[in-house]
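Notes follow the structure.
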Protein chains: 4
Amino acid sequence: MIVILKKDPDKVQLEGLTTWLKAKGIEIHESIGSSQTILGLVGDTTHLDIDLLSALDIVEAVRRVQEPYKNANRKFHPEDTVIKVGNTKIGGGNLTLIAGPCSVESEEQICQIAQSVKESGATILRGGVFKPRTSPYSFQGLRDEGIRLLSIAKKLTGLPIVTEIMDISQLSYFDDVDMIQVGARNMQNFELLKALGTVDKPILLKRGLSSTYEELLMSAEYIMAGGNDKVILCERGIRTFETYTRNTLDIASIPVLKQLSHLPIIIDPSHSAGRCALVDPLSCAAVAAGADGLIIEVHNDPAHALCDGPQSIRPDAFDTLAKKLRTIHEVTKAVDVK
Amino acid sequence: MIVILKKDPDKVQLEGLTTWLKAKGIEIHESIGSSQTILGLVGDTTHLDIDLLSALDIVEAVRRVQEPYKNANRKFHPEDTVIKVGNTKIGGGNLTLIAGPCSVESEEQICQIAQSVKESGATILRGGVFKPRTSPYSFQGLRDEGIRLLSIAKKLTGLPIVTEIMDISQLSYFDDVDMIQVGARNMQNFELLKALGTVDKPILLKRGLSSTYEELLMSAEYIMAGGNDKVILCERGIRTFETYTRNTLDIASIPVLKQLSHLPIIIDPSHSAGRCALVDPLSCAAVAAGADGLIIEVHNDPAHALCDGPQSIRPDAFDTLAKKLRTIHEVTKAVDVK
Amino acid sequence: MIVILKKDPDKVQLEGLTTWLKAKGIEIHESIGSSQTILGLVGDTTHLDIDLLSALDIVEAVRRVQEPYKNANRKFHPEDTVIKVGNTKIGGGNLTLIAGPCSVESEEQICQIAQSVKESGATILRGGVFKPRTSPYSFQGLRDEGIRLLSIAKKLTGLPIVTEIMDISQLSYFDDVDMIQVGARNMQNFELLKALGTVDKPILLKRGLSSTYEELLMSAEYIMAGGNDKVILCERGIRTFETYTRNTLDIASIPVLKQLSHLPIIIDPSHSAGRCALVDPLSCAAVAAGADGLIIEVHNDPAHALCDGPQSIRPDAFDTLAKKLRTIHEVTKAVDVK
Amino acid sequence: MIVILKKDPDKVQLEGLTTWLKAKGIEIHESIGSSQTILGLVGDTTHLDIDLLSALDIVEAVRRVQEPYKNANRKFHPEDTVIKVGNTKIGGGNLTLIAGPCSVESEEQICQIAQSVKESGATILRGGVFKPRTSPYSFQGLRDEGIRLLSIAKKLTGLPIVTEIMDISQLSYFDDVDMIQVGARNMQNFELLKALGTVDKPILLKRGLSSTYEELLMSAEYIMAGGNDKVILCERGIRTFETYTRNTLDIASIPVLKQLSHLPIIIDPSHSAGRCALVDPLSCAAVAAGADGLIIEVHNDPAHALCDGPQSIRPDAFDTLAKKLRTIHEVTKAVDVK
């Protein structure tokens with residue numbers, strides 16, 4: 001961390017600052033120029049509050065050199081983290097396909113889709129039951145009843161299941177759920193993140209619509225600081241000025257997050273685009289760029305899905321896509337951008 | 001709502017669609033052109049799921065004409081809503097000043113600031129106790145103990161108090177709180193919004209960092225649909241490409257939200273800019289543009305505040321500012337952009 | 001185009017509007033509802049000024065149904081356009097690799113790089129000579145002398161050359177240039193676009209940092225309306241809130257632009273990321289998503305390049321990458337998202 | 001400027017770097033920590049190419065401490081710059097109202113509006129003649145004939161005139177123009193900026209749709225580096241995710257740019273909002289926040305204006321607004337945020 005002092009800083013205040021920093025185990029290196037003095041802080045600055053420093057009368061600006069996250073940081077954990085979900089592994093060179101409907105609608109629907117995506121090579125079943133909808137008048141999901149239906153499909157197919165949690169109070173329903181999803185709108189629901197830090201299940205953490213890489217990793221840090229190391233990052237599109245697609249898939253997030261962190265990264269091509277015609281090219285791009293997996297919406301009757309129909313693809317399209325993705329994965333898995 | 005059909009739509013599907021719409025009480029007006037057919041849907045389309053319609057095979061695109069919110073919509077409630085908080089009224093031509101520290105730190109601190117801002121003309125006291133912090137290693141607030149201290153300051157000064165809720169489970173601590181704040185990061189925490197819809201207290205709803213006007217009003221609609229009409233909107237800056245300021249205050253939100261909705265709007269100049277030097281000009285601008293009030297961070301010792309020090313102003317600066325704001329309010333309250 | 005009228009529109013004004021529209025050859029279909037009247041305009045609305053219509057007293061809103069571009073629109077030209085540059089073809093299933101240094105620096109440098117990238121499979125040589133630099137104090141390029149050096153490399157290797165034009169007045173230097181590049185900052189330099197509409201050379205049109213797909217296609221339309229149909233679109237990253245990468249590569253632009261337009265699309269992975277470590281994964285992603293080609297910065301000595309060094313890759317890295325890209329292209333060229 | 005070195009930097013390369021920097025007159029202060037070495041560069045770093053430094057093998061990151069602009073920087077010119085346009089002064093506590101139609105349409109139109117806005121207190125006349133339009137099929141302006149008409153209005157009223165230039169080649173028509181406007185889309189048309197640096201006329205430089213404060217000031221620097229110090233900055237709204245308004249007026253730009261630079265700043269409320277109903281509140285906000293003036297579109301017949309009708313206000317509305325703005329200016333001109 002670098003502290004740029006104002007011209008002619010008050011000596012008493014400066015001494016106060018340096019004493020305080022040294023007490024925190026920070027080494028200080030002063031660069032006294034004719035017009036400016038700069039302090040280089042060396043040591044573990046993760047716990048230093050940058051706002052506090054900036055607020056001091058003698059400080060002009062503070063620049064971070066090190067990342068403010070530690071558990072999620074590749075610098076301290078050079079090896080890729082591999083996370084087990086049921087019998088499947090995410091990370092470490094595997095290509096994990098997670099598939100299923102946007103919403104669980106009925107036992108027949110979820111079981112049919114589960115069997116179909118399993119045959120195409122999906123190893124985890126997704127299905128929404130607690131649905132975050134912009135409008136209070138839209139379908140809100142089958143809630144706990146939906147989890148019961150997911151469990152039936154799990155028993156039938158052996159696929160582990162992942163579904164979204166929207167509030168701490170719902171946690172009691174998640175006993176049979178193998179991986180808990182935190183949605184984009186809850187990425188900075190810090191109370192929820194803290195609660196999930198004490199749970200012994202993998203967490204699929206989606207990036208917020210306007211969250212930076214650092215903020216995503218800080219949210220992962222919240223969960224990890226609580227003791228739960230099994231965090232999987234998920235890019236699902238960010239909000240930009242372009243409104244033709246629902247969101248803009250940030251494809252560079254894959255190599256960047258892999259550089260900054262050891263956690264696996266999954267791409268959601270369905271929500272980022274909001275159009276089924278884009279699911280295929282975006283999935284191919286994600287695998288080619290080095291993603292550890294994809295979470296894709298598949299519906300046996302997209303035109304009548306209770307929500308998000310336009311972005312779901314049919315089981316046969318998923319089957320064709322899965323084959324292509326495995327081929328691209330073979331070709332590109334030599335890619336290493338660390 | 002307008003439905004643009006694909007060329008040569010399937011007749012059976014088209015009949016299915018029109019029958020379904022009519023059953024929902026929607027009138028349909030067809031425009032059959034040589035190259036395109038358009039359906040104009042007239043009636044209450046608030047409950048129609050636009051995604052469902054878009055997903056139909058025969059539909060090329062759907063365009064909304066009416067807003068998807070009803071309770072928050074000025075078209076259905078032409079008069080300004082005025083909301084009582086303690087003995088103060090927000091809306092209806094009043095200029096409400098809400099002031100206080102970012103975080104409650106001690107009884108002495110909160111009582112001292114409360115008395116000082118009251119003398120300067122603030123009519124509501126703010127103070128954070130449950131703090132949403134990006135880093136798990138930053139100060140997280142005094143939590144329920146903080147609410148106890150706010151209550152002491154309330155008894156001392158008679159000022160009603162407002163503070164932020166971060167999770168439904170905290171609601172039991174809010175008995176003595178006069179207005180509950182929903183922070184920007186929780187604007188789409190739909191479970192929390194539903195819970196607040198059943199509470200008999202005013203809700204200060206902050207706009208999310210990348211939420212549109214419509215999304216903000218849909219979140220207000222969530223609370224109102226639950227039966228709680230006392231919603232106050234709050235603009236606190238949006239996330240843009242410009243990073244010199246923490247966020248970009250969207251000043252046009254004031255006249256736009258007043259046009260679209262009957263709810264009062266409060267501006268937060270402290271968080272939008274993140275720098276105390278900008279609080280004065282942004283506050284003046286907000287009042288000149290027609291805001292119903294401001295929520296301003298005031299600290300007796302900004303340089304040592306436990307959080308967000310750089311954006312807090314001192315009590316004497318607040319006193320000077322409050323005088324100027326009242327003068328601008330007198331001059332501009334004739335402004336009417338409805 | 002759909003015109004939503006205000007409630008109880010003035011009859012004389014409405015008649016005036018309908019007469020005016022009919023005179024322009026537009027068919028009008030009225031949907032008169034109890035609370036709203038909607039006009040469906042059918043015919044060629046490309047030349048209608050949407051701002052003009054919106055401004056009328058009787059009009060509440062106007063919604064476009066058809067795209068405002070015609071020459072660039074796939075609806076009117078269903079077949080992919082294939083463009084010849086020297087002996088190379090861009091579009092139609094080919095994968096075109098354009099490579100070379102950010103700036104031309106010397107005869108030795110450009111000739112060496114040209115030979116090297118040719119051996120690796122590049123079929124067009126790039127090199128900047130008129131450089132758009134944010135600072136007036138940065139290196140501004142070798143200008144016309146640079147074009148002379150590019151011509152030498154062209155003669156030596158037989159590779160056609162592409163370089164950026166910054167102002168109409170520079171056109172006289174471009175005789176020996178095979179494809180003229182319009183940079184992101186000039187995408188809406190309409191006078192320049194008009195001038196290039198009368199030139200008989202392919203134009204590589206880069207998307208502006210905050211330009212929508214429609215604006216990019218409207219800029220292509222400017223060139224095409226002047227008579228020059230040889231436009232190649234280029235996505236090079238857009239400006240978003242995320243500042244860790246220089247820009248955010250919008251990977252979805254590839255399938256979207258291919259859906260909307262028949263023009264070829266080239267991706268620039270070097271400028272979008274601003275970091276050489278990202279060039280490999282972003283290039284792979286672009287080819288997997290269906291791009292017609294890539295324009296990549298290659299420098300024999302990136303650390304001492306006169307500009308944009310950090311994003312250039314070395315010739316050997318380009319060689320490895322080119323091989324991988326051809327393999328991915330083989331695997332994915334069956335992808336068709338039209 | 002601060003250079004953060006990679007761990008264990010190569011000694012020969014490090015010596016090469018320090019020798020090179022010292023030769024440029026830069027003082028170097030080393031902070032050698034156990035895990036990291038930091039160089040503090042003190043002196044005039046304006047001319048150092050930050051990309052070049054970042055590209056070096058031994059460098060991990062470079063952080064700027066000083067701004068890269070000099071002529072436009074308040075640090076080197078603490079006093080406000082006041083610029084004469086005809087007999088009017090912009091800056092230095094004056095409130096300058098610039099008004100007129102979006103496009104010049106006829107002698108009668110421009111003369112009528114000119115007289116009317118003069119009576120209401122405008123001191124400069126605006127009117128577009130070279131029009132940057134997104135579509136090649138929209139009205140492109142009267143061009144040089146329009147300037148002739150503006151000159152007639154100037155003679156009639158004595159008001160100095162401002163109009164936009166789109167290309168260097170148009171400069172010959174600007175003899176009688178008192179202030180030359182550079183539009184948002186040309187803010188980084190560097191060849192045009194260089195040409196305007198040699199002109200002896202004030203330049204009204206509009207901020208690009210997605211340009212940062214620093215980029216705006218660097219574009220001002222281009223003009224000033226050429227010898228023309230008479231630059232007036234103009235904020236006209238930036239592009240964000242919110243599309244309800246055409247652009248988002250960045251009100252904080254006023255105090256921020258006044259802090260960073262000594263140049264005057266003018267606000268354009270007409271283009272930022274794109275709706276006439278917002279012109280009044282945005283203008284009031286701008287004056288309250290400390291703007292040096294406003295540029296407002298006024299049309300005697302907005303509903304039939306040839307372009308941008310929806311955002312123009314009528315002469316009588318301008319008259320009322322001008323009175324209110326002068327009152328707000330009186331009340332707030334004590335504001336000083338430097």
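Labels used: A, B, ... for chains in the order of the structure tokens, numbers from 1 for residues in each chain, and numbers from 1 for ligands as shown.
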Neighbour list for His29 in chain B as a list in words, cut-off 7 Å, only C-alpha atoms, skip fewer than 2 positions in-chain =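 In the requested format, the answer is Glu27, Ser31, Leu39, Gly40 and Leu41 of chain B; Ser31 of chain C.
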Long-range neighbours of Pro315 in chain C as an mmCIF file with C-alpha atoms, in the first residue's frame, 8 Å cut-off, only C-alpha atoms, 4 positions minimum in chain:
```cif
data_model
loop_
_atom_site.group_PDB
_atom_site.id
_atom_site.type_symbol
_atom_site.label_atom_id
_atom_site.label_comp_id
_atom_site.auth_asym_id
_atom_site.auth_seq_id
_atom_site.Cartn_x
_atom_site.Cartn_y
_atom_site.Cartn_z
ATOM 1 C CA ILE C 113 7.631 -8.876 -38.065
ATOM 2 C CA SER C 116 7.483 -13.766 -39.177
ATOM 3 C CA VAL C 117 3.688 -13.403 -38.991
ATOM 4 C CA VAL C 298 2.663 -8.849 -32.575
ATOM 5 C CA HIS C 299 5.988 -7.241 -31.734
ATOM 6 C CA ASN C 300 9.466 -8.714 -31.784
ATOM 7 C CA ASP C 319 2.848 -18.905 -34.057
#
```
Would you mind writing down, as a VMD selection string, each residue of range 22-221 of chain A that DSSP on the backbone assigns to strand (DSSP E)?
-> chain A and resid 27 to 32 37 to 42 59 to 63 83 to 85 88 to 90 96 to 100 124 to 126 161 to 165 179 to 182 203 to 206
Selection near range 252-265 of chain B, 9 Å with only C-alpha atoms, sequence-local residues under 2 positions removed, as a PyMOL selection string | (chain B and resi 67+71-75+77-83+90-92+213+217+230-235+249-250+267+286+289-294+336-338) or (chain D and resi 244-245+248-249+273+277-278+281-282)
Using CA of Lys206 in chain B and CA of Thr240 in chain D as the two end points, give the distance in Å to one decimal.
-> 18.4 Å
Output the contact residues of chain D with respect to chain A at a cut-off of 8 Å, based on only C-alpha atoms, as a list in words.
-> Ile4, Glu27, His29, Glu30, Ser31, Ile32, Gly33, Ser34, Ser35, Gln36, Ile38, Gly40, Val42, Gly43, Arg63, Val65, Arg239, Thr240, Phe241, Glu242 and Thr243 of chain D
Take the selection from the previous step and output its residues with C-alpha atoms, as a PDB file, in the first residue's frame.
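The resulting file, out_39.pdb, is reproduced below:
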```
ATOM      1  CA  ILE D   4       6.095  -1.325  -8.192  1.00  0.00           C
ATOM      2  CA  GLU D  27      14.473  11.806  -8.854  1.00  0.00           C
ATOM      3  CA  HIS D  29      13.255   7.090  -4.138  1.00  0.00           C
ATOM      4  CA  GLU D  30      13.541   3.381  -3.467  1.00  0.00           C
ATOM      5  CA  SER D  31      11.514   1.535  -0.799  1.00  0.00           C
ATOM      6  CA  ILE D  32      13.011  -1.903  -0.457  1.00  0.00           C
ATOM      7  CA  GLY D  33      10.709  -4.168   1.541  1.00  0.00           C
ATOM      8  CA  SER D  34      11.201  -7.827   2.337  1.00  0.00           C
ATOM      9  CA  SER D  35       8.681  -8.885  -0.279  1.00  0.00           C
ATOM     10  CA  GLN D  36       8.478  -5.915  -2.592  1.00  0.00           C
ATOM     11  CA  ILE D  38       8.775   0.295  -4.797  1.00  0.00           C
ATOM     12  CA  GLY D  40       8.864   6.690  -6.044  1.00  0.00           C
ATOM     13  CA  VAL D  42       9.580  12.621  -8.213  1.00  0.00           C
ATOM     14  CA  GLY D  43       9.751  15.423 -10.801  1.00  0.00           C
ATOM     15  CA  ARG D  63       0.518   4.070 -10.395  1.00  0.00           C
ATOM     16  CA  VAL D  65       0.279  10.218  -8.549  1.00  0.00           C
ATOM     17  CA  ARG D 239     -23.724   7.050 -21.437  1.00  0.00           C
ATOM     18  CA  THR D 240     -24.806   4.710 -18.661  1.00  0.00           C
ATOM     19  CA  PHE D 241     -27.017   1.628 -18.314  1.00  0.00           C
ATOM     20  CA  GLU D 242     -30.066   3.869 -17.741  1.00  0.00           C
ATOM     21  CA  THR D 243     -31.804   4.440 -21.066  1.00  0.00           C
TER      22      THR D 243
END
```
Using the chain letters and numbers from this document, which residues of range 43-281 of chain A does DSSP assign to helix (DSSP H, G or I), as an MDAnalysis selection string?
-> chainID A and resid 50:55 107:119 144:157 168:174 184:186 190:196 213:225 253:260 269:273 276:281
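Look at Glu191 in chain A: the protein and nucleic acid residues within 10 Å of it, using only C-alpha atoms and passing over chain neighbours fewer than 6 places away, are Asp167, Ile168, Gly197 and Tyr222 of chain A; Phe130, Pro132, Met166, Asp167, Ile168 and Ser169 of chain B.
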May I have the selected residues written with N, CA and C atoms, as a PDB file, in the first residue's frame?
```
ATOM      1  N   ASP A 167     -32.634 -16.250   0.931  1.00  0.00           N
ATOM      2  CA  ASP A 167     -32.655 -15.690   2.286  1.00  0.00           C
ATOM      3  C   ASP A 167     -32.189 -16.754   3.275  1.00  0.00           C
ATOM      4  N   ILE A 168     -31.516 -16.308   4.321  1.00  0.00           N
ATOM      5  CA  ILE A 168     -30.986 -17.244   5.327  1.00  0.00           C
ATOM      6  C   ILE A 168     -32.069 -18.192   5.833  1.00  0.00           C
ATOM      7  N   GLY A 197     -20.854 -19.145   5.128  1.00  0.00           N
ATOM      8  CA  GLY A 197     -19.479 -19.427   5.540  1.00  0.00           C
ATOM      9  C   GLY A 197     -19.410 -20.540   6.583  1.00  0.00           C
ATOM     10  N   TYR A 222     -15.714 -13.407   2.061  1.00  0.00           N
ATOM     11  CA  TYR A 222     -16.681 -13.443   3.186  1.00  0.00           C
ATOM     12  C   TYR A 222     -17.015 -14.883   3.548  1.00  0.00           C
TER      13      TYR A 222
ATOM     14  N   PHE B 130     -26.035  -1.701  11.433  1.00  0.00           N
ATOM     15  CA  PHE B 130     -25.737  -2.904  10.655  1.00  0.00           C
ATOM     16  C   PHE B 130     -25.090  -2.387   9.378  1.00  0.00           C
ATOM     17  N   PRO B 132     -23.170  -2.706   5.791  1.00  0.00           N
ATOM     18  CA  PRO B 132     -22.760  -3.546   4.658  1.00  0.00           C
ATOM     19  C   PRO B 132     -21.376  -3.137   4.181  1.00  0.00           C
ATOM     20  N   MET B 166     -30.296  -5.181   7.208  1.00  0.00           N
ATOM     21  CA  MET B 166     -29.562  -5.972   6.215  1.00  0.00           C
ATOM     22  C   MET B 166     -30.157  -7.360   6.018  1.00  0.00           C
ATOM     23  N   ASP B 167     -31.004  -7.779   6.968  1.00  0.00           N
ATOM     24  CA  ASP B 167     -31.576  -9.121   6.865  1.00  0.00           C
ATOM     25  C   ASP B 167     -32.875  -9.172   7.656  1.00  0.00           C
ATOM     26  N   ILE B 168     -33.818  -9.983   7.196  1.00  0.00           N
ATOM     27  CA  ILE B 168     -35.122 -10.087   7.856  1.00  0.00           C
ATOM     28  C   ILE B 168     -34.959 -10.378   9.349  1.00  0.00           C
ATOM     29  N   SER B 169     -33.972 -11.225   9.672  1.00  0.00           N
ATOM     30  CA  SER B 169     -33.812 -11.661  11.058  1.00  0.00           C
ATOM     31  C   SER B 169     -33.513 -10.510  12.018  1.00  0.00           C
TER      32      SER B 169
END
```
Can you pull out every residue within 9 Å of range 10-20 of chain D, counting only C-alpha atoms, but drop anything in the same chain fewer than 6 positions away, and send it as a ChimeraX atom specification?
-> /D:28,53,56-58
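Distances to Asp175 in chain C were evaluated for C:Lys201, C:His47, C:Lys194, C:Arg275 using only C-alpha atoms, and the minimum falls at C:Lys201.
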Neighbour list for Pro68 in chain B as a PyMOL selection string, cut-off 8 Å, only C-alpha atoms, skip fewer than 3 positions in-chain | (chain A and resi 135) or (chain B and resi 45-47+218)
For Asp176 in chain D, which residue among D:Gln66, D:Thr332, D:Asn94, D:Ser151 is the nearest when counting only C-alpha atoms?
->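 Closest candidate: D:Ser151.
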Tell me which protein, DNA and RNA residues are within 7 Å of range 181-185 of chain D, counting only C-alpha atoms, leaving out same-chain ones fewer than 6 positions away, and put them as a ChimeraX atom specification.
-> /C:188-189 /D:162-165,203-209
For CA of Leu97 in chain A and CA of Val177 in chain A, determine how far apart the two atoms are, in Å to one decimal place.
->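 The value is 17.1 Å.
Counting from CA of Cys284 in chain D, the distance to CA of Arg236 in chain D is 14.8 Å.
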